[in-house]
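J.: Sharing upload.csv below, CSV, N, CA and C atoms:
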```csv
chain,number,residue,atom,x,y,z
A,21,GLN,N,16.4,12.6,-12.5
A,21,GLN,CA,15.1,11.9,-12.4
A,21,GLN,C,15.3,10.4,-12.5
A,22,VAL,N,14.5,9.7,-11.7
A,22,VAL,CA,14.5,8.3,-11.7
A,22,VAL,C,13.1,7.8,-12.1
A,23,GLN,N,13.0,6.9,-13.0
A,23,GLN,CA,11.7,6.3,-13.4
A,23,GLN,C,11.7,4.9,-12.8
A,24,LEU,N,10.5,4.5,-12.3
A,24,LEU,CA,10.3,3.2,-11.7
A,24,LEU,C,9.1,2.5,-12.4
A,25,VAL,N,9.3,1.3,-12.8
A,25,VAL,CA,8.2,0.5,-13.4
A,25,VAL,C,8.0,-0.8,-12.6
A,26,GLU,N,6.8,-1.0,-12.1
A,26,GLU,CA,6.5,-2.2,-11.3
A,26,GLU,C,5.7,-3.2,-12.1
A,27,SER,N,5.8,-4.5,-11.6
A,27,SER,CA,5.0,-5.5,-12.2
A,27,SER,C,4.9,-6.6,-11.2
A,28,GLY,N,3.9,-7.5,-11.4
A,28,GLY,CA,3.8,-8.7,-10.6
A,28,GLY,C,2.7,-8.8,-9.7
A,29,GLY,N,1.8,-7.7,-9.6
A,29,GLY,CA,0.7,-7.8,-8.6
A,29,GLY,C,-0.4,-8.7,-9.2
A,30,GLY,N,-1.4,-8.9,-8.4
A,30,GLY,CA,-2.5,-9.8,-8.9
A,30,GLY,C,-3.4,-10.2,-7.7
A,31,LEU,N,-4.2,-11.2,-8.0
A,31,LEU,CA,-5.1,-11.8,-7.1
A,31,LEU,C,-4.6,-13.2,-6.7
A,32,VAL,N,-4.5,-13.5,-5.4
A,32,VAL,CA,-4.0,-14.7,-4.9
A,32,VAL,C,-4.8,-15.1,-3.6
A,33,GLN,N,-5.0,-16.4,-3.4
A,33,GLN,CA,-5.6,-16.9,-2.2
A,33,GLN,C,-4.7,-16.8,-1.0
A,34,ALA,N,-5.3,-16.7,0.2
A,34,ALA,CA,-4.5,-16.6,1.4
A,34,ALA,C,-3.6,-17.8,1.5
A,35,GLY,N,-2.4,-17.6,1.9
A,35,GLY,CA,-1.4,-18.7,2.0
A,35,GLY,C,-0.5,-18.8,0.7
A,36,GLY,N,-1.0,-18.1,-0.3
A,36,GLY,CA,-0.2,-18.1,-1.6
A,36,GLY,C,0.9,-17.2,-1.6
A,37,SER,N,1.5,-17.1,-2.8
A,37,SER,CA,2.7,-16.3,-3.0
A,37,SER,C,2.6,-15.4,-4.3
A,38,LEU,N,3.3,-14.3,-4.2
A,38,LEU,CA,3.5,-13.4,-5.4
A,38,LEU,C,4.9,-12.8,-5.3
A,39,ARG,N,5.3,-12.4,-6.5
A,39,ARG,CA,6.6,-11.8,-6.6
A,39,ARG,C,6.5,-10.5,-7.4
A,40,LEU,N,6.8,-9.4,-6.7
A,40,LEU,CA,6.8,-8.1,-7.4
A,40,LEU,C,8.2,-7.7,-7.9
A,41,SER,N,8.2,-7.0,-9.0
A,41,SER,CA,9.4,-6.6,-9.6
A,41,SER,C,9.4,-5.1,-9.9
A,42,CYS,N,10.5,-4.4,-9.8
A,42,CYS,CA,10.6,-3.0,-10.0
A,42,CYS,C,11.9,-2.7,-10.7
A,43,VAL,N,11.8,-2.1,-11.9
A,43,VAL,CA,13.0,-1.7,-12.6
A,43,VAL,C,13.2,-0.2,-12.6
A,44,ALA,N,14.4,0.3,-12.3
A,44,ALA,CA,14.7,1.7,-12.3
A,44,ALA,C,15.5,2.1,-13.5
A,45,SER,N,15.2,3.3,-14.0
A,45,SER,CA,15.9,3.8,-15.1
A,45,SER,C,16.1,5.3,-14.9
A,46,GLY,N,16.9,5.9,-15.7
A,46,GLY,CA,17.3,7.3,-15.5
A,46,GLY,C,18.5,7.5,-14.7
A,47,SER,N,18.5,8.4,-13.8
A,47,SER,CA,19.7,8.7,-13.0
A,47,SER,C,19.9,7.7,-11.8
A,48,THR,N,20.1,6.5,-12.2
A,48,THR,CA,20.1,5.4,-11.2
A,48,THR,C,21.4,5.4,-10.4
A,49,SER,N,22.4,6.0,-10.8
A,49,SER,CA,23.7,6.0,-10.1
A,49,SER,C,23.6,6.8,-8.8
A,50,TYR,N,22.5,7.7,-8.7
A,50,TYR,CA,22.3,8.5,-7.4
A,50,TYR,C,21.4,7.8,-6.4
A,51,ILE,N,20.9,6.6,-6.8
A,51,ILE,CA,20.0,5.9,-5.8
A,51,ILE,C,20.8,5.3,-4.7
A,52,LYS,N,20.4,5.6,-3.5
A,52,LYS,CA,21.1,5.0,-2.3
A,52,LYS,C,20.3,3.8,-1.7
A,53,ALA,N,19.0,3.8,-2.0
A,53,ALA,CA,18.1,2.7,-1.4
A,53,ALA,C,16.9,2.5,-2.3
A,54,MET,N,16.5,1.3,-2.3
A,54,MET,CA,15.2,1.0,-3.0
A,54,MET,C,14.4,0.1,-2.1
A,55,GLY,N,13.1,0.3,-2.2
A,55,GLY,CA,12.2,-0.5,-1.3
A,55,GLY,C,10.8,-0.5,-1.8
A,56,TRP,N,9.9,-1.1,-1.0
A,56,TRP,CA,8.5,-1.3,-1.3
A,56,TRP,C,7.7,-0.7,-0.2
A,57,TYR,N,6.7,0.0,-0.5
A,57,TYR,CA,5.7,0.5,0.4
A,57,TYR,C,4.3,0.0,-0.1
A,58,ARG,N,3.3,0.1,0.8
A,58,ARG,CA,2.0,-0.3,0.4
A,58,ARG,C,1.0,0.6,1.1
A,59,GLN,N,-0.2,0.7,0.4
A,59,GLN,CA,-1.3,1.5,0.9
A,59,GLN,C,-2.6,0.8,0.7
A,60,ALA,N,-3.2,0.5,1.8
A,60,ALA,CA,-4.5,-0.1,1.8
A,60,ALA,C,-5.6,0.9,1.8
A,61,PRO,N,-6.8,0.6,1.4
A,61,PRO,CA,-7.9,1.6,1.4
A,61,PRO,C,-8.1,2.2,2.8
A,62,GLY,N,-8.2,3.5,2.8
A,62,GLY,CA,-8.4,4.2,4.1
A,62,GLY,C,-7.2,4.3,5.0
A,63,LYS,N,-6.1,3.8,4.6
A,63,LYS,CA,-4.9,3.8,5.5
A,63,LYS,C,-3.8,4.6,4.8
A,64,GLU,N,-2.8,4.9,5.7
A,64,GLU,CA,-1.7,5.7,5.2
A,64,GLU,C,-0.7,4.7,4.5
A,65,ARG,N,0.1,5.3,3.6
A,65,ARG,CA,1.2,4.4,3.0
A,65,ARG,C,2.2,4.0,4.1
A,66,GLU,N,2.6,2.8,4.0
A,66,GLU,CA,3.5,2.3,5.0
A,66,GLU,C,4.7,1.5,4.4
A,67,LEU,N,5.8,1.5,5.1
A,67,LEU,CA,7.0,0.8,4.6
A,67,LEU,C,6.7,-0.7,4.7
A,68,VAL,N,7.1,-1.4,3.7
A,68,VAL,CA,7.1,-2.9,3.7
A,68,VAL,C,8.5,-3.4,3.9
A,69,ALA,N,9.4,-3.0,3.0
A,69,ALA,CA,10.8,-3.5,3.0
A,69,ALA,C,11.6,-2.5,2.3
A,70,ILE,N,12.9,-2.4,2.7
A,70,ILE,CA,13.8,-1.5,2.1
A,70,ILE,C,15.2,-2.2,2.0
A,71,LYS,N,15.9,-1.9,1.0
A,71,LYS,CA,17.3,-2.4,0.8
A,71,LYS,C,18.2,-1.3,0.5
A,72,ILE,N,19.3,-1.2,1.3
A,72,ILE,CA,20.3,-0.2,1.0
A,72,ILE,C,21.2,-0.7,-0.1
A,73,ARG,N,21.5,0.2,-1.0
A,73,ARG,CA,22.3,-0.2,-2.1
A,73,ARG,C,23.7,-0.4,-1.7
A,74,GLY,N,24.4,-1.4,-2.3
A,74,GLY,CA,25.8,-1.5,-2.0
A,74,GLY,C,26.2,-2.4,-0.8
A,75,ASN,N,25.2,-2.7,0.0
A,75,ASN,CA,25.5,-3.6,1.1
A,75,ASN,C,24.3,-4.5,1.3
A,76,PHE,N,24.3,-5.3,2.4
A,76,PHE,CA,23.3,-6.3,2.6
A,76,PHE,C,22.2,-5.8,3.6
A,77,ASN,N,22.3,-4.5,3.9
A,77,ASN,CA,21.3,-4.0,4.9
A,77,ASN,C,19.9,-4.0,4.3
A,78,THR,N,19.0,-4.6,5.1
A,78,THR,CA,17.6,-4.6,4.7
A,78,THR,C,16.8,-4.3,6.0
A,79,ARG,N,15.6,-3.8,5.8
A,79,ARG,CA,14.7,-3.6,6.9
A,79,ARG,C,13.3,-4.0,6.4
A,80,TYR,N,12.5,-4.6,7.4
A,80,TYR,CA,11.2,-5.0,7.1
A,80,TYR,C,10.2,-4.5,8.1
A,81,ALA,N,9.0,-4.3,7.7
A,81,ALA,CA,7.9,-4.0,8.6
A,81,ALA,C,7.7,-5.3,9.5
A,82,ASP,N,7.3,-5.1,10.7
A,82,ASP,CA,7.1,-6.3,11.6
A,82,ASP,C,6.0,-7.2,11.1
A,83,SER,N,5.1,-6.6,10.4
A,83,SER,CA,3.9,-7.4,9.9
A,83,SER,C,4.3,-8.4,8.8
A,84,VAL,N,5.5,-8.1,8.1
A,84,VAL,CA,5.8,-9.0,7.0
A,84,VAL,C,7.1,-9.8,7.3
A,85,GLN,N,7.8,-9.5,8.4
A,85,GLN,CA,9.0,-10.1,8.7
A,85,GLN,C,8.9,-11.7,8.7
A,86,GLY,N,9.8,-12.3,8.0
A,86,GLY,CA,9.7,-13.8,7.9
A,86,GLY,C,8.8,-14.3,6.8
A,87,ARG,N,8.0,-13.5,6.2
A,87,ARG,CA,7.2,-13.9,5.1
A,87,ARG,C,7.6,-13.3,3.8
A,88,PHE,N,8.1,-12.0,3.8
A,88,PHE,CA,8.5,-11.3,2.6
A,88,PHE,C,10.0,-11.2,2.6
A,89,THR,N,10.5,-11.2,1.3
A,89,THR,CA,12.0,-11.1,1.1
A,89,THR,C,12.2,-10.1,0.0
A,90,ILE,N,13.1,-9.1,0.3
A,90,ILE,CA,13.4,-8.1,-0.7
A,90,ILE,C,14.8,-8.5,-1.2
A,91,SER,N,15.0,-8.3,-2.5
A,91,SER,CA,16.3,-8.6,-3.1
A,91,SER,C,16.5,-7.7,-4.3
A,92,SER,N,17.7,-7.7,-4.8
A,92,SER,CA,18.0,-6.9,-6.0
A,92,SER,C,18.8,-7.7,-7.0
A,93,ASP,N,18.9,-7.2,-8.2
A,93,ASP,CA,19.7,-7.9,-9.2
A,93,ASP,C,21.2,-7.4,-9.0
A,94,ARG,N,22.0,-8.0,-9.8
A,94,ARG,CA,23.5,-7.7,-9.6
A,94,ARG,C,23.8,-6.2,-9.9
A,95,GLY,N,23.1,-5.7,-10.9
A,95,GLY,CA,23.4,-4.3,-11.2
A,95,GLY,C,22.7,-3.3,-10.3
A,96,GLN,N,21.8,-3.8,-9.4
A,96,GLN,CA,21.1,-3.1,-8.4
A,96,GLN,C,20.2,-2.0,-8.9
A,97,ASN,N,19.8,-2.2,-10.2
A,97,ASN,CA,18.8,-1.3,-10.7
A,97,ASN,C,17.4,-1.9,-10.7
A,98,SER,N,17.3,-3.1,-10.2
A,98,SER,CA,16.0,-3.7,-10.1
A,98,SER,C,15.9,-4.2,-8.7
A,99,VAL,N,14.7,-4.2,-8.1
A,99,VAL,CA,14.4,-4.7,-6.8
A,99,VAL,C,13.2,-5.6,-6.9
A,100,TYR,N,13.2,-6.6,-6.1
A,100,TYR,CA,12.1,-7.6,-6.1
A,100,TYR,C,11.5,-7.8,-4.7
A,101,LEU,N,10.3,-8.2,-4.6
A,101,LEU,CA,9.7,-8.5,-3.3
A,101,LEU,C,9.0,-9.8,-3.4
A,102,GLN,N,9.6,-10.8,-2.8
A,102,GLN,CA,9.0,-12.2,-2.8
A,102,GLN,C,8.0,-12.2,-1.6
A,103,MET,N,6.8,-12.4,-1.8
A,103,MET,CA,5.8,-12.4,-0.8
A,103,MET,C,5.2,-13.8,-0.6
A,104,ASN,N,5.4,-14.5,0.5
A,104,ASN,CA,4.9,-15.8,0.8
A,104,ASN,C,3.9,-15.7,1.9
A,105,SER,N,3.2,-16.8,2.1
A,105,SER,CA,2.2,-16.9,3.2
A,105,SER,C,1.3,-15.6,3.2
A,106,LEU,N,0.8,-15.2,2.1
A,106,LEU,CA,0.1,-14.0,2.1
A,106,LEU,C,-1.2,-14.1,2.9
A,107,LYS,N,-1.6,-13.0,3.5
A,107,LYS,CA,-2.8,-12.9,4.3
A,107,LYS,C,-3.7,-11.8,3.7
A,108,PRO,N,-5.0,-11.9,4.0
A,108,PRO,CA,-5.9,-10.9,3.5
A,108,PRO,C,-5.5,-9.4,3.8
A,109,GLU,N,-4.9,-9.3,5.0
A,109,GLU,CA,-4.5,-8.0,5.4
A,109,GLU,C,-3.3,-7.4,4.6
A,110,ASP,N,-2.7,-8.3,3.8
A,110,ASP,CA,-1.6,-7.8,2.9
A,110,ASP,C,-2.2,-7.1,1.6
A,111,THR,N,-3.5,-7.2,1.5
A,111,THR,CA,-4.2,-6.5,0.3
A,111,THR,C,-3.9,-5.0,0.4
A,112,ALA,N,-3.4,-4.5,-0.7
A,112,ALA,CA,-3.0,-3.1,-0.8
A,112,ALA,C,-2.5,-2.8,-2.2
A,113,VAL,N,-2.3,-1.5,-2.5
A,113,VAL,CA,-1.5,-1.1,-3.7
A,113,VAL,C,0.0,-1.0,-3.2
A,114,TYR,N,0.8,-1.7,-3.9
A,114,TYR,CA,2.2,-1.8,-3.5
A,114,TYR,C,3.0,-0.8,-4.5
A,115,TYR,N,3.8,0.0,-3.9
A,115,TYR,CA,4.6,1.0,-4.6
A,115,TYR,C,6.1,0.8,-4.4
A,116,CYS,N,6.8,0.8,-5.5
A,116,CYS,CA,8.2,0.8,-5.5
A,116,CYS,C,8.8,2.2,-5.2
A,117,ASN,N,9.8,2.2,-4.4
A,117,ASN,CA,10.4,3.5,-4.0
A,117,ASN,C,11.9,3.5,-4.3
A,118,ALA,N,12.4,4.6,-4.7
A,118,ALA,CA,13.9,4.8,-4.8
A,118,ALA,C,14.2,6.1,-4.1
A,119,ARG,N,15.2,6.1,-3.3
A,119,ARG,CA,15.6,7.3,-2.6
A,119,ARG,C,17.0,7.6,-3.0
A,120,THR,N,17.3,8.9,-3.4
A,120,THR,CA,18.6,9.3,-3.9
A,120,THR,C,19.5,9.7,-2.7
A,121,VAL,N,20.7,10.0,-3.1
A,121,VAL,CA,21.7,10.5,-2.1
A,121,VAL,C,21.3,11.8,-1.5
A,122,TRP,N,20.4,12.5,-2.3
A,122,TRP,CA,19.9,13.9,-1.8
A,122,TRP,C,18.6,13.8,-1.1
A,123,GLN,N,18.2,12.5,-0.7
A,123,GLN,CA,17.0,12.3,0.1
A,123,GLN,C,15.7,12.6,-0.7
A,124,ARG,N,15.8,12.5,-2.0
A,124,ARG,CA,14.6,12.7,-2.8
A,124,ARG,C,14.0,11.3,-3.1
A,125,ASP,N,12.7,11.3,-3.0
A,125,ASP,CA,12.0,10.0,-3.3
A,125,ASP,C,11.3,10.0,-4.6
A,126,PHE,N,11.4,8.9,-5.3
A,126,PHE,CA,10.7,8.6,-6.5
A,126,PHE,C,9.8,7.4,-6.3
A,127,TRP,N,8.7,7.4,-7.0
A,127,TRP,CA,7.7,6.4,-6.8
A,127,TRP,C,7.3,5.7,-8.2
A,128,GLY,N,7.0,4.5,-8.1
A,128,GLY,CA,6.4,3.8,-9.2
A,128,GLY,C,4.9,4.1,-9.3
A,129,GLN,N,4.2,3.5,-10.3
A,129,GLN,CA,2.8,3.8,-10.4
A,129,GLN,C,1.9,3.0,-9.5
A,130,GLY,N,2.5,2.0,-8.9
A,130,GLY,CA,1.7,1.1,-8.0
A,130,GLY,C,1.2,-0.1,-8.7
A,131,THR,N,1.1,-1.2,-8.0
A,131,THR,CA,0.6,-2.5,-8.5
A,131,THR,C,-0.3,-3.1,-7.4
A,132,GLN,N,-1.5,-3.5,-7.8
A,132,GLN,CA,-2.5,-4.0,-6.8
A,132,GLN,C,-2.2,-5.4,-6.5
A,133,VAL,N,-2.2,-5.7,-5.2
A,133,VAL,CA,-2.1,-7.0,-4.6
A,133,VAL,C,-3.4,-7.3,-3.8
A,134,THR,N,-4.1,-8.3,-4.2
A,134,THR,CA,-5.4,-8.7,-3.5
A,134,THR,C,-5.3,-10.1,-3.0
A,135,VAL,N,-5.5,-10.3,-1.7
A,135,VAL,CA,-5.4,-11.6,-1.1
A,135,VAL,C,-6.8,-12.0,-0.6
A,136,SER,N,-7.3,-13.0,-1.2
A,136,SER,CA,-8.7,-13.5,-0.8
A,136,SER,C,-8.6,-14.5,0.3
A,137,SER,N,-9.6,-14.5,1.2
A,137,SER,CA,-9.6,-15.4,2.3
A,137,SER,C,-10.3,-16.7,2.0
```
What does this structure look like when you write it as structure tokens?

T.:
Amino acid sequence: QVQLVESGGGLVQAGGSLRLSCVASGSTSYIKAMGWYRQAPGKERELVAIKIRGNFNTRYADSVQGRFTISSDRGQNSVYLQMNSLKPEDTAVYYCNARTVWQRDFWGQGTQVTVSS
């Protein structure tokens, strides 16, 4: 089992910045990737950014490319999402995700990000 705890959401004006944090605990040695997803009201959950553990491979949704940056700490049990130039359409609940080597997904509780125009 992997437990994920997120923090850092909130309310920000358009053009502003927020930084989300996620700390993993439990069976963290089996994690192969960590990332962020988001779900806006009435929409499906979508990938925002993902980082493969142990290398520098990252992937971003086209809608956030160049504005958001995913990173991890040295121990790779924490992942961060720096969000710059936020837009109202970035408003959503953001979820931290960890995928294990057996392709099992674990999710955090979600943190609300609201961008006002």

J.: Enclose the full set of atoms of range 62-81 of chain A listed in the file within a box whose edges lie along x, y and z, apply 8 Å of padding to each of the six sides, and report centre and edge lengths in Å to one decimal as lines of an AutoDock Vina configuration file.

T.:
```
center_x = 8.9
center_y = -0.3
center_z = 3.6
size_x = 50.6
size_y = 28.0
size_z = 27.8
```

J.: Have a look at A:Leu24, A:Ile90, A:Val32, A:Val133 and name the one nearest to Asn117 in chain A; count only N, CA and C atoms.

T.: A:Leu24

J.: With all atoms listed in the file as the counted atoms, please give the residues lying no more than 5 Å from range 97-111 of chain A, apart from itself and same-chain residues fewer than 6 positions off, as a PyMOL selection string.

T.: chain A and resi 34-44+87-91+133-135

J.: How would you write, as a VMD selection string, the set of residues in range 57-89 of chain A that DSSP gives as strand (DSSP E)?

T.: chain A and resid 57 to 59 66 to 72 78 to 80 88 to 89

J.: Report the distance between CA of Val84 in chain A and atom C of Ser136 in chain A in Å, rounded to one decimal place.

T.: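 Interatomic distance, CA of Val84 in chain A to atom C of Ser136 in chain A: 16.8 Å.
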
J.: Rounded to one decimal place, report the atom C of Ala112 in chain A-atom N of Ser49 in chain A distance in Å.

T.: 27.8 Å

J.: I'd like the interatomic distance between atom N of Tyr80 in chain A and atom N of Tyr50 in chain A, to a tenth of an Å.

T.: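 About the pair atom N of Tyr80 in chain A and atom N of Tyr50 in chain A: they are 22.6 Å apart.
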
J.: Counting only N, CA and C atoms, which residue out of A:Gly86, A:Tyr115, A:Gln132, A:Ala81 sits closest to Arg58 in chain A?

T.: A:Tyr115

J.: Using only C-alpha atoms, can you tell me which of A:Gly30, A:Met54, A:Gly62, A:Asp93 comes closest to Thr78 in chain A?

T.: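 Nearest candidate to Thr78 in chain A out of A:Gly30, A:Met54, A:Gly62, A:Asp93: A:Met54.
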